[in-house]
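Trainee: Provided below: final-v1.txt, containing compact mmCIF, C-alpha atoms and all ligand atoms.
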# COMPACT_ATOMS: atom_id res chain seq x y z
CA MET A 301 82.89 24.54 120.07
CA ASP A 302 83.09 22.03 117.26
CA ARG A 303 86.47 21.15 115.88
CA GLN A 304 86.15 23.43 112.88
CA SER A 305 85.57 26.45 115.11
CA ARG A 306 87.88 29.38 114.52
CA ILE A 307 89.78 30.45 117.60
CA VAL A 308 91.81 33.57 118.39
CA ILE A 309 93.84 33.61 121.59
CA LEU A 310 95.38 36.81 122.95
CA THR A 311 98.07 36.45 125.59
CA GLY A 312 99.74 39.01 127.84
CA ALA A 313 102.48 39.21 130.42
CA GLY A 314 100.42 37.14 132.90
CA ILE A 315 100.95 33.94 130.93
CA SER A 316 104.71 34.23 131.45
CA ALA A 317 104.53 35.23 135.13
CA GLU A 318 104.78 31.64 136.39
CA SER A 319 107.91 31.22 134.28
CA GLY A 320 109.49 33.98 136.34
CA VAL A 321 109.16 36.80 133.80
CA PRO A 322 107.83 39.86 135.65
CA THR A 323 104.57 41.38 134.41
CA PHE A 324 104.31 44.89 133.19
CA ARG A 325 103.03 47.12 135.94
CA GLY A 326 103.97 45.90 139.36
CA PRO A 327 102.11 47.06 142.47
CA ASP A 328 104.44 50.10 142.46
CA GLY A 329 103.38 51.05 138.93
CA LEU A 330 106.89 50.36 137.66
CA TRP A 331 108.19 47.88 135.12
CA GLU A 332 111.21 46.26 136.73
CA GLY A 333 111.98 49.48 138.54
CA HIS A 334 111.53 51.79 135.56
CA ARG A 335 108.76 54.13 134.53
CA VAL A 336 107.30 52.97 131.22
CA GLU A 337 107.98 56.37 129.65
CA ASP A 338 111.69 55.94 130.42
CA VAL A 339 112.17 52.62 128.63
CA ALA A 340 109.26 51.86 126.30
CA THR A 341 108.82 54.86 124.03
CA PRO A 342 110.71 56.09 120.94
CA GLU A 343 111.31 59.37 122.80
CA ALA A 344 113.03 57.52 125.62
CA PHE A 345 115.31 55.77 123.11
CA ALA A 346 116.18 59.08 121.43
CA ARG A 347 116.90 60.69 124.80
CA ASN A 348 118.83 57.89 126.47
CA PRO A 349 119.64 55.03 124.08
CA ALA A 350 122.13 53.46 126.51
CA LEU A 351 119.51 53.07 129.25
CA VAL A 352 116.91 51.61 126.88
CA GLN A 353 119.40 49.19 125.30
CA ALA A 354 120.59 48.09 128.74
CA PHE A 355 116.99 47.46 129.87
CA TYR A 356 116.21 45.22 126.88
CA ASP A 357 119.68 43.63 126.87
CA ALA A 358 119.05 42.47 130.45
CA ARG A 359 115.66 41.05 129.58
CA ARG A 360 117.00 39.31 126.45
CA ALA A 361 119.83 37.76 128.47
CA ARG A 362 117.35 36.51 131.07
CA LEU A 363 115.44 34.47 128.49
CA ALA A 364 118.16 31.85 128.80
CA ASP A 365 117.19 31.31 132.45
CA VAL A 366 113.44 30.89 132.02
CA ALA A 367 111.37 28.08 130.54
CA PRO A 368 107.83 27.77 129.18
CA ASN A 369 105.26 26.85 131.84
CA ALA A 370 102.21 24.60 131.69
CA ALA A 371 100.14 27.34 130.01
CA HIS A 372 102.56 27.83 127.10
CA ILE A 373 102.88 24.07 126.68
CA ALA A 374 99.10 23.60 126.69
CA LEU A 375 98.72 26.20 123.92
CA GLY A 376 101.41 24.39 121.93
CA ARG A 377 99.40 21.20 122.34
CA LEU A 378 96.23 22.99 121.19
CA ASP A 379 98.04 24.40 118.17
CA SER A 380 99.24 20.98 117.02
CA ALA A 381 95.89 19.25 117.67
CA TRP A 382 93.28 21.81 116.66
CA PRO A 383 92.00 21.11 113.13
CA GLY A 384 90.19 24.44 112.74
CA GLU A 385 91.64 27.89 112.27
CA LEU A 386 93.69 29.16 115.18
CA LEU A 387 95.75 32.27 115.78
CA ILE A 388 97.70 32.95 118.95
CA VAL A 389 98.38 36.67 119.25
CA THR A 390 100.87 37.53 121.95
CA GLN A 391 101.70 40.91 123.41
CA ASN A 392 104.73 39.28 124.97
CA VAL A 393 108.20 39.85 123.67
CA ASP A 394 109.66 36.68 125.20
CA ASP A 395 109.99 33.46 123.19
CA LEU A 396 108.12 31.17 125.58
CA HIS A 397 105.21 30.45 123.23
CA GLU A 398 107.61 29.20 120.55
CA ARG A 399 109.42 27.08 123.10
CA GLY A 400 106.03 25.75 124.23
CA GLY A 401 105.39 24.52 120.69
CA ALA A 402 103.11 27.24 119.27
CA LEU A 403 103.41 27.71 115.51
CA ARG A 404 100.33 29.71 114.55
CA LEU A 405 101.67 32.67 116.49
CA VAL A 406 102.18 36.38 115.97
CA HIS A 407 104.16 38.74 118.20
CA MET A 408 102.16 41.94 117.88
CA HIS A 409 104.57 43.90 120.11
CA GLY A 410 107.79 42.55 118.61
CA GLU A 411 110.41 40.20 120.03
CA LEU A 412 113.42 40.44 122.30
CA LEU A 413 115.28 38.01 120.02
CA SER A 414 115.05 40.33 117.04
CA ALA A 415 117.00 43.48 116.22
CA TRP A 416 115.81 46.13 113.80
CA CYS A 417 118.23 48.24 111.78
CA THR A 418 116.81 51.73 111.43
CA ALA A 419 119.39 52.52 108.70
CA CYS A 420 118.40 49.83 106.18
CA ASP A 421 115.08 48.67 107.71
CA THR A 422 116.05 45.00 108.02
CA ARG A 423 115.39 42.68 110.97
CA HIS A 424 117.83 40.12 112.30
CA ARG A 425 117.56 37.24 114.79
CA TRP A 426 119.55 38.49 117.75
CA GLN A 427 120.73 36.71 120.91
CA GLY A 428 123.36 39.03 122.33
CA PRO A 429 123.43 42.59 123.62
CA LEU A 430 122.78 45.69 121.51
CA GLY A 431 124.13 48.19 124.04
CA SER A 432 127.53 48.39 122.34
CA PHE A 433 125.77 49.31 119.06
CA PRO A 434 127.19 46.45 116.98
CA PRO A 435 127.13 46.80 113.17
CA CYS A 436 124.02 45.73 111.28
CA PRO A 437 124.73 42.39 109.53
CA ALA A 438 123.16 43.75 106.34
CA CYS A 439 124.51 47.31 105.97
CA GLY A 440 127.12 47.70 108.70
CA ALA A 441 125.52 50.76 110.27
CA PRO A 442 125.63 50.86 114.09
CA GLN A 443 121.89 51.49 114.25
CA LEU A 444 120.26 48.35 115.59
CA ARG A 445 117.46 48.88 118.09
CA PRO A 446 115.31 46.35 119.97
CA ASP A 447 112.58 45.07 117.61
CA ILE A 448 109.96 46.00 120.17
CA VAL A 449 106.80 47.96 119.48
CA TRP A 450 106.99 50.90 121.87
CA PHE A 451 104.14 53.09 123.01
CA GLY A 452 103.12 55.32 120.13
CA GLU A 453 104.30 52.79 117.50
CA MET A 454 102.17 50.59 115.25
CA PRO A 455 101.80 46.95 116.36
CA TYR A 456 102.78 44.20 113.94
CA ALA A 457 100.42 42.03 111.89
CA MET A 458 97.32 44.13 112.59
CA ASN A 459 95.68 43.24 109.26
CA ARG A 460 96.06 39.54 109.86
CA ILE A 461 94.86 39.86 113.46
CA LEU A 462 91.79 41.92 112.58
CA ARG A 463 90.89 39.50 109.77
CA SER A 464 91.04 36.57 112.17
CA LEU A 465 89.04 38.40 114.84
CA ALA A 466 86.35 39.34 112.34
CA ARG A 467 85.67 35.67 111.58
CA CYS A 468 86.36 33.91 114.86
CA ASP A 469 83.92 31.78 116.85
CA LEU A 470 85.86 31.90 120.12
CA PHE A 471 88.10 34.62 121.49
CA VAL A 472 90.18 33.91 124.60
CA ALA A 473 92.30 36.50 126.43
CA ILE A 474 94.88 35.12 128.86
CA GLY A 475 96.93 37.07 131.43
CA THR A 476 96.40 40.54 130.08
CA SER A 477 95.31 43.57 132.07
CA GLY A 478 93.33 45.11 129.22
CA GLN A 479 95.01 48.48 129.53
CA VAL A 480 97.15 48.51 126.40
CA TYR A 481 95.41 49.31 123.09
CA PRO A 482 94.71 48.15 120.45
CA ALA A 483 94.88 44.68 122.08
CA ALA A 484 92.42 45.74 124.78
CA GLY A 485 89.82 46.37 122.07
CA PHE A 486 90.06 42.89 120.49
CA VAL A 487 87.25 41.55 122.70
CA GLU A 488 84.91 44.15 121.18
CA THR A 489 85.88 43.21 117.62
CA ALA A 490 85.36 39.53 118.39
CA ARG A 491 81.96 40.20 119.95
CA GLU A 492 80.88 42.19 116.91
CA ALA A 493 81.80 39.12 114.85
CA GLY A 494 79.48 37.06 117.04
CA ALA A 495 82.23 35.17 118.85
CA ARG A 496 82.00 33.73 122.33
CA THR A 497 84.52 35.53 124.54
CA LEU A 498 86.41 34.11 127.50
CA GLU A 499 88.96 35.71 129.80
CA LEU A 500 91.48 33.81 131.93
CA ASN A 501 93.28 36.06 134.40
CA LEU A 502 94.61 36.12 137.94
CA ASP A 503 92.57 39.19 138.88
CA PRO A 504 89.58 40.85 137.26
CA SER A 505 90.97 43.02 134.43
CA ALA A 506 89.92 46.40 133.08
CA MET A 507 88.02 44.48 130.38
CA SER A 508 86.39 41.69 132.41
CA ALA A 509 82.87 43.06 132.00
CA ARG A 510 83.19 42.86 128.22
CA PHE A 511 83.66 39.07 128.20
CA HIS A 512 80.88 36.50 128.25
CA GLU A 513 82.85 34.58 130.85
CA SER A 514 85.83 35.27 133.11
CA ARG A 515 87.74 32.58 134.95
CA LEU A 516 90.01 33.76 137.74
CA GLY A 517 93.17 31.87 138.59
CA ARG A 518 96.68 31.10 137.46
CA ALA A 519 97.31 30.58 133.77
CA GLY A 520 99.36 27.46 134.55
CA THR A 521 96.20 25.84 135.90
CA LEU A 522 93.42 27.42 133.83
CA VAL A 523 94.98 27.11 130.38
CA PRO A 524 95.68 23.34 130.44
CA ALA A 525 92.10 22.82 131.71
CA LEU A 526 90.68 24.92 128.86
CA VAL A 527 92.75 23.06 126.28
CA ASP A 528 91.53 19.73 127.68
CA GLU A 529 87.95 21.02 127.34
CA LEU A 530 88.48 22.15 123.75
CA LEU A 531 90.14 18.90 122.69
CA ALA A 532 87.73 16.60 124.58
P1 LIG A 601 100.15 43.50 132.29
O1 LIG A 601 101.40 43.30 133.09
O2 LIG A 601 99.59 44.86 132.17
O3 LIG A 601 99.02 42.56 132.89
C1 LIG A 601 99.28 41.23 133.28
C2 LIG A 601 97.99 40.60 133.74
O4 LIG A 601 98.27 39.23 134.03
C3 LIG A 601 97.39 41.22 135.01
O5 LIG A 601 96.01 41.46 134.79
C4 LIG A 601 97.60 40.14 136.07
O6 LIG A 601 96.51 40.06 136.97
C5 LIG A 601 97.65 38.87 135.23
N1 LIG A 601 98.45 37.79 135.83
C6 LIG A 601 99.55 37.87 136.61
N2 LIG A 601 100.00 36.65 136.92
C7 LIG A 601 99.17 35.76 136.31
C8 LIG A 601 99.10 34.33 136.25
N3 LIG A 601 100.00 33.55 136.90
N4 LIG A 601 98.11 33.76 135.53
C9 LIG A 601 97.18 34.52 134.87
N5 LIG A 601 97.20 35.88 134.91
C10 LIG A 601 98.19 36.49 135.61
O7 LIG A 601 100.47 42.84 130.88
P2 LIG A 601 99.85 43.04 129.42
O8 LIG A 601 98.38 43.21 129.51
O9 LIG A 601 100.45 41.97 128.62
O10 LIG A 601 100.43 44.44 128.90
C11 LIG A 601 101.79 44.67 129.09
C12 LIG A 601 102.64 45.13 127.96
O11 LIG A 601 103.99 44.93 128.40
C13 LIG A 601 102.56 44.33 126.69
O12 LIG A 601 102.52 45.27 125.68
C14 LIG A 601 103.87 43.53 126.57
O13 LIG A 601 104.47 43.76 125.32
C15 LIG A 601 104.78 44.08 127.60
N6 LIG A 601 105.39 43.06 128.49
C16 LIG A 601 105.77 41.83 128.01
C17 LIG A 601 106.31 40.87 128.86
C18 LIG A 601 106.76 39.53 128.30
O14 LIG A 601 107.13 39.46 127.15
N7 LIG A 601 106.71 38.44 129.06
C19 LIG A 601 106.47 41.14 130.21
C20 LIG A 601 106.09 42.41 130.68
C21 LIG A 601 105.55 43.35 129.80
ZN ZN A 602 121.23 47.85 108.35
Render the structure in this file as structure tokens.
Mentor:
Amino acid sequence: MDRQSRIVILTGAGISAESGVPTFRGPDGLWEGHRVEDVATPEAFARNPALVQAFYDARRARLADVAPNAAHIALGRLDSAWPGELLIVTQNVDDLHERGGALRLVHMHGELLSAWCTACDTRHRWQGPLGSFPPCPACGAPQLRPDIVWFGEMPYAMNRILRSLARCDLFVAIGTSGQVYPAAGFVETAREAGARTLELNLDPSAMSARFHESRLGRAGTLVPALVDELLA
């Protein structure tokens, strides 16, 4: 890679695991004790808003107790030092990339620290709980929901992401199981654009065979090493 190379990096729950944020599907197939259909779909929210708000309220509150790990910090270092185009696309809803110094970042699945008013369609930075249905700061309606892209909803920034993928030279996927679309298909789009593709993951993922290279190990070790390589 020369220093004008265009890089797209996709991250998933695995990059935050060493910070103590649980990944998506544990060995029991549950996400922190819940079935995905019970907490991460618009139908679940319509059926049981209190349960869904409580689930995300707990995760939002826990952000105060976790810190970015060596992988987030290495990507922040890459972002500030890389002279070429770079886009970090995260599926994560935590704020650990920001706290690790990443600026060229998009949250394709939304953010815990944002609330979306379904009455007036505005979004607000949000630190506290939503379970008591506080009034929207813009219109006053008690209709704020987590600004999270649930299953069946359209991810954010897809045009920008697809544009970057279509012209990238290097695509790196970090800590993602390759089971959630459209993110799982990004490796294909990057390959069609002629990019080199690299996966960093603890275990082989559903998409490993689609990458030119897979490195197995912990993100906290593999990501700083990759960034050193790129900046050498
Ligand atoms: P996933 O949980 O399906 O997969 C995580 C992957 O990371 C697995 O392949 C696992 O082997 C790997 N992994 C675990 N520990 C690792 C480590 N220390 N280093 C490197 N890799 C490691 O996650 P996903 O693919 O991101 O899909 C999950 C969905 O759930 C996303 O849509 C995301 O929005 C949401 N989610 C987000 C968070 C978060 O914000 N931190 C946490 C859980 C789920
Ligand atoms: Zn509103």
Trainee: May I have the residues within 6 Å of ligand LIG 601 (chain A), computed using all atoms listed in the file, as a ChimeraX atom specification?
Mentor: /A:312-318,321-325,391-394,409,475-478,480,501-503,505,518-519
Trainee: Compare A:Arg496, A:Arg306, A:Arg445, A:Arg460 by their minimum atom-to-atom distance to ligand ZN 602 (chain A), counting only C-alpha atoms and all ligand atoms, and give me the closest one.
Mentor: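 The closest residue to ligand ZN 602 (chain A) is A:Arg445.
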Trainee: Give as number ranges by chain the residues surrounding ligand ZN 602 (chain A) up to a distance of 10 Å, considering all atoms listed in the file.
Mentor: A: 415-424, 435-444
Trainee: Do a neighbour search on Asp365 (chain A) at 12 Å with only C-alpha atoms, toss out local chain neighbours closer than 4 positions, and write the hits as a VMD selection string.
Mentor: chain A and resid 319 to 321 358 to 361 394 to 396
Trainee: What does the distance between CA of Ala473 (chain A) and CA of His407 (chain A) come to in Å, to one decimal place?
Mentor: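 Atom-to-atom, CA of Ala473 (chain A) and CA of His407 (chain A) are spaced 14.6 Å apart.
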Trainee: Point out the residue among A:Val352, A:Val449, A:Leu526, A:Ile307 with the least atom-to-atom distance to Ile461 (chain A), counting all atoms listed in the file.
Mentor: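 Answer, going by the shortest atom-to-atom distance: A:Ile307.
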Trainee: Applying 12 Å and only C-alpha atoms, which residues near Glu343 (chain A) remain after dropping the ones on its own chain fewer than 3 positions away? List them as JSON, numbers by chain.
Mentor: {"A": [336, 337, 338, 339, 340, 346, 347, 348, 349, 352, 450, 451, 452, 453]}
Trainee: Pick from A:Arg335, A:Ser464, A:Pro368, A:Pro434: nearest to Ile309 (chain A), with only C-alpha atoms counted?
Mentor: A:Ser464
Trainee: Between A:Pro482, A:Gly431, A:Gly410, A:Gly384, which residue has the minimum interatomic distance to Phe345 (chain A), considering only C-alpha atoms?
Mentor: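 Of all the options, A:Gly431 lies closest to Phe345 (chain A).
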Trainee: Report the distance between CA of Leu465 (chain A) and CA of Ala483 (chain A) in Å, rounded to one decimal place.
Mentor: 11.2 Å
Trainee: I want to know what sits within 6 Å of Gly376 (chain A), based on all atoms listed in the file, with residues of the same chain fewer than 2 positions away left out; could you give that as a PyMOL selection string?
Mentor: chain A and resi 373-374+378-379+400-402
Trainee: Of the residues A:Leu351, A:Ala367, A:Ala490, A:Leu462, which is the one nearest to Arg399 (chain A), using all atoms listed in the file?
Mentor: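 Residue with the minimum atom-to-atom distance to Arg399 (chain A): A:Ala367.
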Trainee: Kindly give the distance, in Å, that separates CA of Leu310 (chain A) and CA of Ile474 (chain A), rounded to a single decimal.
Mentor: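 Spanning CA of Leu310 (chain A) to CA of Ile474 (chain A) is a straight-line distance of 6.2 Å.
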Trainee: Restricting the calculation to only C-alpha atoms, which member of A:Tyr481, A:Phe486, A:Phe433, A:Phe471 is positioned closest to Leu498 (chain A)?
Mentor: A:Phe471
Trainee: Please provide as an mmCIF file with C-alpha atoms, in the coordinates of the input all residues within 6 Å of Val308 (chain A), with the sequence filter that same-chain residues fewer than 6 positions apart are discarded (counting all atoms listed in the file).
Mentor:
data_model
loop_
_atom_site.group_PDB
_atom_site.id
_atom_site.type_symbol
_atom_site.label_atom_id
_atom_site.label_comp_id
_atom_site.auth_asym_id
_atom_site.auth_seq_id
_atom_site.Cartn_x
_atom_site.Cartn_y
_atom_site.Cartn_z
ATOM 1 C CA LEU A 386 93.690 29.160 115.180
ATOM 2 C CA LEU A 387 95.750 32.270 115.780
ATOM 3 C CA ILE A 388 97.700 32.950 118.950
ATOM 4 C CA PHE A 471 88.100 34.620 121.490
#
